[in-house]
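**Student:** File upload-v1.tsv below, TSV, C-alpha atoms:
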```tsv
chain	number	residue	atom	x	y	z
A	1	ASP	CA	17.32	19.26	-13.19
A	2	THR	CA	14.71	17.07	-11.49
A	3	ALA	CA	16.41	14.95	-8.83
A	4	VAL	CA	13.92	12.07	-8.82
A	5	SER	CA	11.73	11.80	-11.88
A	6	GLN	CA	9.02	9.28	-12.52
A	7	THR	CA	6.81	8.69	-15.53
A	8	PRO	CA	4.01	8.79	-16.30
A	9	LYS	CA	2.44	11.32	-13.96
A	10	TYR	CA	-1.05	9.98	-14.66
A	11	LEU	CA	-2.00	6.46	-15.67
A	12	VAL	CA	-5.59	5.44	-16.38
A	13	THR	CA	-6.18	1.84	-17.34
A	14	GLN	CA	-8.65	-1.03	-17.29
A	15	MET	CA	-8.73	-3.85	-14.78
A	16	GLY	CA	-6.62	-6.79	-15.83
A	17	ASN	CA	-4.10	-4.75	-17.79
A	18	ASP	CA	-0.34	-4.72	-17.18
A	19	LYS	CA	1.42	-1.40	-16.72
A	20	SER	CA	4.82	-0.01	-15.77
A	21	ILE	CA	6.00	3.10	-13.96
A	22	LYS	CA	9.55	4.28	-14.47
A	23	CYS	CA	11.78	6.10	-12.01
A	24	GLU	CA	15.19	7.67	-12.36
A	25	GLN	CA	17.32	9.62	-9.90
A	26	ASN	CA	20.33	11.77	-10.73
A	27	LEU	CA	21.47	12.28	-7.14
A	28	GLY	CA	23.98	9.47	-7.14
A	29	HIS	CA	22.11	7.71	-4.32
A	30	ASP	CA	22.52	3.99	-3.79
A	31	THR	CA	19.07	3.33	-2.31
A	32	MET	CA	15.71	3.66	-4.05
A	33	TYR	CA	12.16	2.99	-2.92
A	34	TRP	CA	8.58	2.63	-4.03
A	35	TYR	CA	5.86	3.96	-1.76
A	36	LYS	CA	2.11	3.74	-2.21
A	37	GLN	CA	-0.19	6.57	-1.05
A	38	ASP	CA	-3.88	5.75	-0.73
A	39	SER	CA	-6.87	8.06	-0.97
A	40	LYS	CA	-6.53	8.97	2.71
A	41	LYS	CA	-2.93	10.10	2.12
A	42	PHE	CA	-1.48	7.16	4.01
A	43	LEU	CA	2.05	6.42	2.76
A	44	LYS	CA	3.36	2.88	2.93
A	45	ILE	CA	6.62	1.46	1.72
A	46	MET	CA	6.43	-1.26	-0.92
A	47	PHE	CA	10.02	-1.98	-1.90
A	48	SER	CA	13.53	-0.75	-1.40
A	49	TYR	CA	16.65	-1.48	-3.40
A	50	ASN	CA	20.24	-0.79	-2.50
A	51	ASN	CA	22.64	-0.74	-5.41
A	52	LYS	CA	20.30	-2.91	-7.51
A	53	GLU	CA	19.73	-5.42	-4.71
A	54	LEU	CA	16.26	-5.91	-3.19
A	55	ILE	CA	16.32	-4.98	0.50
A	56	ILE	CA	12.68	-4.62	1.49
A	57	ASN	CA	9.56	-6.28	0.09
A	58	GLU	CA	6.64	-5.29	2.27
A	59	THR	CA	4.07	-8.03	1.74
A	60	VAL	CA	3.19	-6.63	-1.64
A	61	PRO	CA	1.25	-8.96	-3.98
A	62	ASN	CA	3.55	-10.66	-6.46
A	63	ARG	CA	1.64	-8.90	-9.25
A	64	PHE	CA	3.99	-6.01	-8.38
A	65	SER	CA	7.52	-6.56	-9.61
A	66	PRO	CA	10.23	-3.94	-9.19
A	67	LYS	CA	13.23	-3.95	-11.48
A	68	SER	CA	16.46	-2.06	-11.03
A	69	PRO	CA	18.63	-2.15	-14.16
A	70	ASP	CA	21.19	0.09	-12.46
A	71	LYS	CA	21.34	2.03	-9.23
A	72	ALA	CA	19.90	5.15	-10.82
A	73	HIS	CA	16.72	3.44	-11.99
A	74	LEU	CA	13.96	1.57	-10.22
A	75	ASN	CA	10.92	0.65	-12.29
A	76	LEU	CA	7.66	-0.85	-11.09
A	77	HIS	CA	5.72	-3.30	-13.21
A	78	ILE	CA	2.19	-4.25	-12.23
A	79	ASN	CA	0.41	-7.26	-13.72
A	80	SER	CA	-3.33	-7.91	-13.81
A	81	LEU	CA	-4.30	-4.55	-12.37
A	82	GLU	CA	-7.13	-4.49	-9.83
A	83	LEU	CA	-9.42	-1.70	-8.68
A	84	GLY	CA	-7.66	-1.64	-5.31
A	85	ASP	CA	-4.36	-0.79	-7.00
A	86	SER	CA	-5.67	2.73	-7.64
A	87	ALA	CA	-3.41	5.06	-5.67
A	88	VAL	CA	-0.51	7.45	-6.07
A	89	TYR	CA	2.83	5.68	-6.36
A	90	PHE	CA	5.96	7.53	-5.29
A	91	CYS	CA	9.49	6.71	-6.12
A	92	ALA	CA	12.17	7.95	-3.72
A	93	SER	CA	15.88	7.73	-3.17
A	94	SER	CA	18.23	8.24	-0.25
A	95	GLN	CA	21.94	8.50	0.27
A	96	GLU	CA	21.84	6.36	3.38
A	97	GLU	CA	20.62	2.79	3.43
A	98	SER	CA	18.73	3.62	6.63
A	99	GLY	CA	16.52	5.91	4.57
A	100	ARG	CA	16.05	8.78	6.99
A	101	GLU	CA	16.04	11.60	4.44
A	102	LEU	CA	14.17	10.54	1.35
A	103	PHE	CA	13.97	12.47	-1.89
A	104	PHE	CA	10.62	11.78	-3.52
A	105	GLY	CA	9.48	12.03	-7.09
A	106	SER	CA	6.27	13.87	-7.89
A	107	GLY	CA	4.19	10.70	-7.99
A	108	THR	CA	2.23	8.65	-10.50
A	109	GLN	CA	-1.51	8.71	-10.04
A	110	LEU	CA	-2.82	5.31	-11.11
A	111	SER	CA	-6.54	4.92	-11.74
A	112	VAL	CA	-7.84	1.44	-12.48
A	113	LEU	CA	-11.32	1.40	-14.01
B	1	GLY	CA	4.35	-2.84	16.32
B	2	GLU	CA	4.85	-0.15	13.75
B	3	SER	CA	2.47	2.68	14.29
B	4	VAL	CA	2.81	6.39	13.91
B	5	GLY	CA	-0.40	8.33	14.25
B	6	LEU	CA	-1.58	11.89	14.43
B	7	HIS	CA	-3.98	13.54	16.87
B	8	LEU	CA	-5.68	15.82	14.33
B	9	PRO	CA	-6.25	15.21	10.64
B	10	THR	CA	-6.74	18.93	9.86
B	11	LEU	CA	-5.43	22.17	11.32
B	12	SER	CA	-6.45	25.68	10.33
B	13	VAL	CA	-4.42	28.69	11.48
B	14	GLN	CA	-4.28	32.41	10.81
B	15	GLU	CA	-1.44	33.68	8.72
B	16	GLY	CA	1.30	34.90	11.02
B	17	ASP	CA	0.30	32.67	13.92
B	18	ASN	CA	2.34	29.71	15.10
B	19	SER	CA	1.25	26.21	14.11
B	20	ILE	CA	1.70	23.08	16.17
B	21	ILE	CA	1.25	19.70	14.56
B	22	ASN	CA	1.24	16.67	16.83
B	23	CYS	CA	2.09	13.04	16.38
B	24	ALA	CA	1.98	9.96	18.60
B	25	TYR	CA	4.17	6.95	18.03
B	26	SER	CA	4.28	3.50	19.54
B	27	ASN	CA	7.68	2.07	18.58
B	28	SER	CA	10.28	2.87	21.22
B	29	ALA	CA	13.06	1.36	19.09
B	30	SER	CA	13.12	4.21	16.58
B	31	ASP	CA	16.44	5.90	15.94
B	32	TYR	CA	15.05	9.03	14.36
B	33	PHE	CA	11.77	10.85	14.05
B	34	ILE	CA	11.25	12.90	10.95
B	35	TRP	CA	8.79	15.46	9.60
B	36	TYR	CA	7.85	15.67	5.94
B	37	LYS	CA	5.78	18.26	4.09
B	38	GLN	CA	3.68	17.34	1.07
B	39	GLU	CA	2.30	20.10	-1.11
B	40	SER	CA	-0.56	19.44	-3.48
B	41	GLY	CA	0.51	17.41	-6.51
B	42	LYS	CA	4.03	16.85	-5.21
B	43	GLY	CA	5.96	14.23	-3.35
B	44	PRO	CA	6.75	14.57	0.36
B	45	GLN	CA	9.72	16.76	1.20
B	46	PHE	CA	12.02	16.35	4.19
B	47	ILE	CA	11.71	19.19	6.73
B	48	ILE	CA	13.60	18.24	9.85
B	49	ASP	CA	14.49	15.23	11.93
B	50	ILE	CA	15.40	14.55	15.52
B	51	ARG	CA	17.44	11.77	16.96
B	52	SER	CA	15.80	9.68	19.64
B	53	ASN	CA	18.32	10.79	22.28
B	54	MET	CA	17.34	14.45	21.86
B	55	ASP	CA	14.24	16.28	23.00
B	56	LYS	CA	14.37	19.42	20.88
B	57	ARG	CA	15.79	20.50	17.57
B	58	GLN	CA	15.38	23.81	15.76
B	59	GLY	CA	15.53	24.64	12.10
B	60	GLN	CA	14.55	27.66	10.11
B	61	ARG	CA	11.11	28.65	11.49
B	62	VAL	CA	10.52	25.09	12.62
B	63	THR	CA	11.10	23.32	15.91
B	64	VAL	CA	10.59	19.65	16.60
B	65	LEU	CA	9.95	18.44	20.13
B	66	LEU	CA	10.23	14.84	21.24
B	67	ASN	CA	8.72	13.54	24.47
B	68	LYS	CA	9.75	9.93	24.86
B	69	THR	CA	7.92	9.53	28.14
B	70	VAL	CA	4.54	9.86	26.44
B	71	LYS	CA	5.79	8.91	22.96
B	72	HIS	CA	4.80	12.22	21.46
B	73	LEU	CA	6.35	14.27	18.68
B	74	SER	CA	5.41	17.77	17.59
B	75	LEU	CA	6.32	20.18	14.82
B	76	GLN	CA	6.07	23.88	15.55
B	77	ILE	CA	6.04	26.32	12.67
B	78	ALA	CA	6.64	29.94	13.60
B	79	ALA	CA	4.85	32.81	11.83
B	80	THR	CA	2.92	30.55	9.50
B	81	GLN	CA	2.87	31.66	5.88
B	82	PRO	CA	0.59	30.74	2.95
B	83	GLY	CA	3.40	28.61	1.55
B	84	ASP	CA	3.19	26.41	4.63
B	85	SER	CA	-0.16	25.04	3.45
B	86	ALA	CA	0.41	21.33	2.94
B	87	VAL	CA	-0.06	17.91	4.48
B	88	TYR	CA	2.52	17.21	7.17
B	89	PHE	CA	3.64	13.71	8.00
B	90	CYS	CA	5.60	12.43	10.92
B	91	ALA	CA	7.68	9.36	10.29
B	92	GLU	CA	9.97	7.12	12.28
B	93	ASN	CA	13.11	5.39	11.21
B	94	VAL	CA	13.23	2.10	13.04
B	95	GLN	CA	16.70	0.94	13.98
B	96	GLY	CA	17.87	-1.79	11.64
B	97	ALA	CA	14.66	-1.77	9.60
B	98	GLN	CA	16.06	0.42	6.82
B	99	LYS	CA	12.74	2.07	6.18
B	100	LEU	CA	10.52	4.93	7.24
B	101	VAL	CA	7.09	4.32	8.76
B	102	PHE	CA	4.80	7.26	8.07
B	103	GLY	CA	1.88	8.56	10.07
B	104	GLN	CA	-1.45	9.46	8.48
B	105	GLY	CA	-0.77	13.14	7.92
B	106	THR	CA	-2.23	16.47	9.05
B	107	ARG	CA	-3.54	18.97	6.53
B	108	LEU	CA	-2.49	22.50	7.48
B	109	THR	CA	-4.50	25.33	5.97
B	110	ILE	CA	-3.66	29.00	6.38
B	111	ASN	CA	-6.38	31.63	6.72
B	112	PRO	CA	-5.50	35.08	5.39
```
Before anything else, please render the file you have as structure tokens.
**Tutor:**
Amino acid sequence: DTAVSQTPKYLVTQMGNDKSIKCEQNLGHDTMYWYKQDSKKFLKIMFSYNNKELIINETVPNRFSPKSPDKAHLNLHINSLELGDSAVYFCASSQEESGRELFFGSGTQLSVL
Amino acid sequence: GESVGLHLPTLSVQEGDNSIINCAYSNSASDYFIWYKQESGKGPQFIIDIRSNMDKRQGQRVTVLLNKTVKHLSLQIAATQPGDSAVYFCAENVQGAQKLVFGQGTRLTINP
């Protein structure tokens, strides 16, 4: 009964490829997020959606495109992958739009070679 | 600007001792300050939060202290156990910004 699940857990790919990460939450939350964690463990928000509507887009390159088909899903598509995209990507959800208590998935470790 | 930082990147304590993890912040407009715990291979997990108009809040074995005068936040863990080994993040929830800004993290290791 995983609350926030994201797939795949590991993703190894070549520069220039396009890849997607999927996220689903079964908590009934209206708000979902994508966070990026770099090699120094720094966590930074990328996007947030509230009930399928984009709320936050934190100066992320437009190669990154989130898509929310319904409020339980928030997928992340990345075009033309670059070496610097290597990181762990976390999906999260929250009941409140203010996002104080986030429920995170277990992360997708992306390695771009 | 948005900035939440930590004094120490690593902390090593003896099992059974108390742990204190510190955090400095710069944004005085934050509504809440929050602590998260991230175990190896997992996503961060909410521990406890404190509203900006409070200076202390206690949970189960954890206490968060907020000193707005010096913009300092701390997490105290009583009787530290091996299961407390993790990276701990402070975060702030900026009023109206609808997002959390995370600090760098402190790795807590427990010595037997």
**Student:** Please provide as a PyMOL selection string all residues within 12 Å of stretch 21-24 of chain B, with the sequence filter that same-chain residues fewer than 2 positions apart are discarded (counting all atoms listed in the file).
**Tutor:** chain B and resi 2-13+18-19+26-28+33-37+62-78+86-92+102-109
**Student:** How many Å separate atom CA of A:Ser94 from atom CA of B:Glu39?
**Tutor:**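 Separation between atom CA of A:Ser94 and atom CA of B:Glu39: 19.9 Å.
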**Student:** Could I get the residues of chain B with an atom no further than 8 Å from an atom of chain A, each paired with its nearest atom pair and that distance in Å to one decimal, using all atoms listed in the file, sorted by chain and residue number, as a tab-separated table?
**Tutor:**
```
residue	atom	partner	partner_atom	distance
B:Tyr32	CA	A:Arg100	CA	7.4
B:Ile34	CA	A:Arg100	CA	7.5
B:Gly41	CA	A:Ser106	CA	6.9
B:Lys42	CA	A:Ser106	CA	4.6
B:Gly43	CA	A:Ser106	CA	4.6
B:Pro44	CA	A:Phe104	CA	6.1
B:Gln45	CA	A:Phe103	CA	6.8
B:Phe46	CA	A:Glu101	CA	6.2
B:Asn93	CA	A:Arg100	CA	6.2
B:Gly96	CA	A:Ser98	CA	7.4
B:Ala97	CA	A:Ser98	CA	7.4
B:Gln98	CA	A:Ser98	CA	4.2
B:Lys99	CA	A:Gly99	CA	5.6
B:Leu100	CA	A:Gly99	CA	6.6
B:Val101	CA	A:Lys44	CA	7.1
B:Phe102	CA	A:Leu43	CA	6.0
B:Gly103	CA	A:Phe42	CA	7.1
B:Gln104	CA	A:Phe42	CA	5.0
B:Gly105	CA	A:Lys41	CA	6.9
```
**Student:** Kindly save the residues from that selection, with C-alpha atoms included, as a compact mmCIF listing (two decimals), in the frame of the given file.
**Tutor:**
```
# COMPACT_ATOMS: atom_id res chain seq x y z
CA TYR B 32 15.05 9.03 14.36
CA ILE B 34 11.25 12.90 10.95
CA GLY B 41 0.51 17.41 -6.51
CA LYS B 42 4.03 16.85 -5.21
CA GLY B 43 5.96 14.23 -3.35
CA PRO B 44 6.75 14.57 0.36
CA GLN B 45 9.72 16.76 1.20
CA PHE B 46 12.02 16.35 4.19
CA ASN B 93 13.11 5.39 11.21
CA GLY B 96 17.87 -1.79 11.64
CA ALA B 97 14.66 -1.77 9.60
CA GLN B 98 16.06 0.42 6.82
CA LYS B 99 12.74 2.07 6.18
CA LEU B 100 10.52 4.93 7.24
CA VAL B 101 7.09 4.32 8.76
CA PHE B 102 4.80 7.26 8.07
CA GLY B 103 1.88 8.56 10.07
CA GLN B 104 -1.45 9.46 8.48
CA GLY B 105 -0.77 13.14 7.92
```
**Student:** Could you check how far atom CA of A:Lys71 sits from atom CA of A:Thr59, in Å to one decimal?
**Tutor:**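 Going from atom CA of A:Lys71 over to atom CA of A:Thr59, I get 22.8 Å.
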**Student:** Just give me the gap between atom CA of A:Gln95 and atom CA of A:Asp30 in Å, one decimal is fine.
**Tutor:**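 Value for the atom CA of A:Gln95-atom CA of A:Asp30 distance: 6.1 Å.
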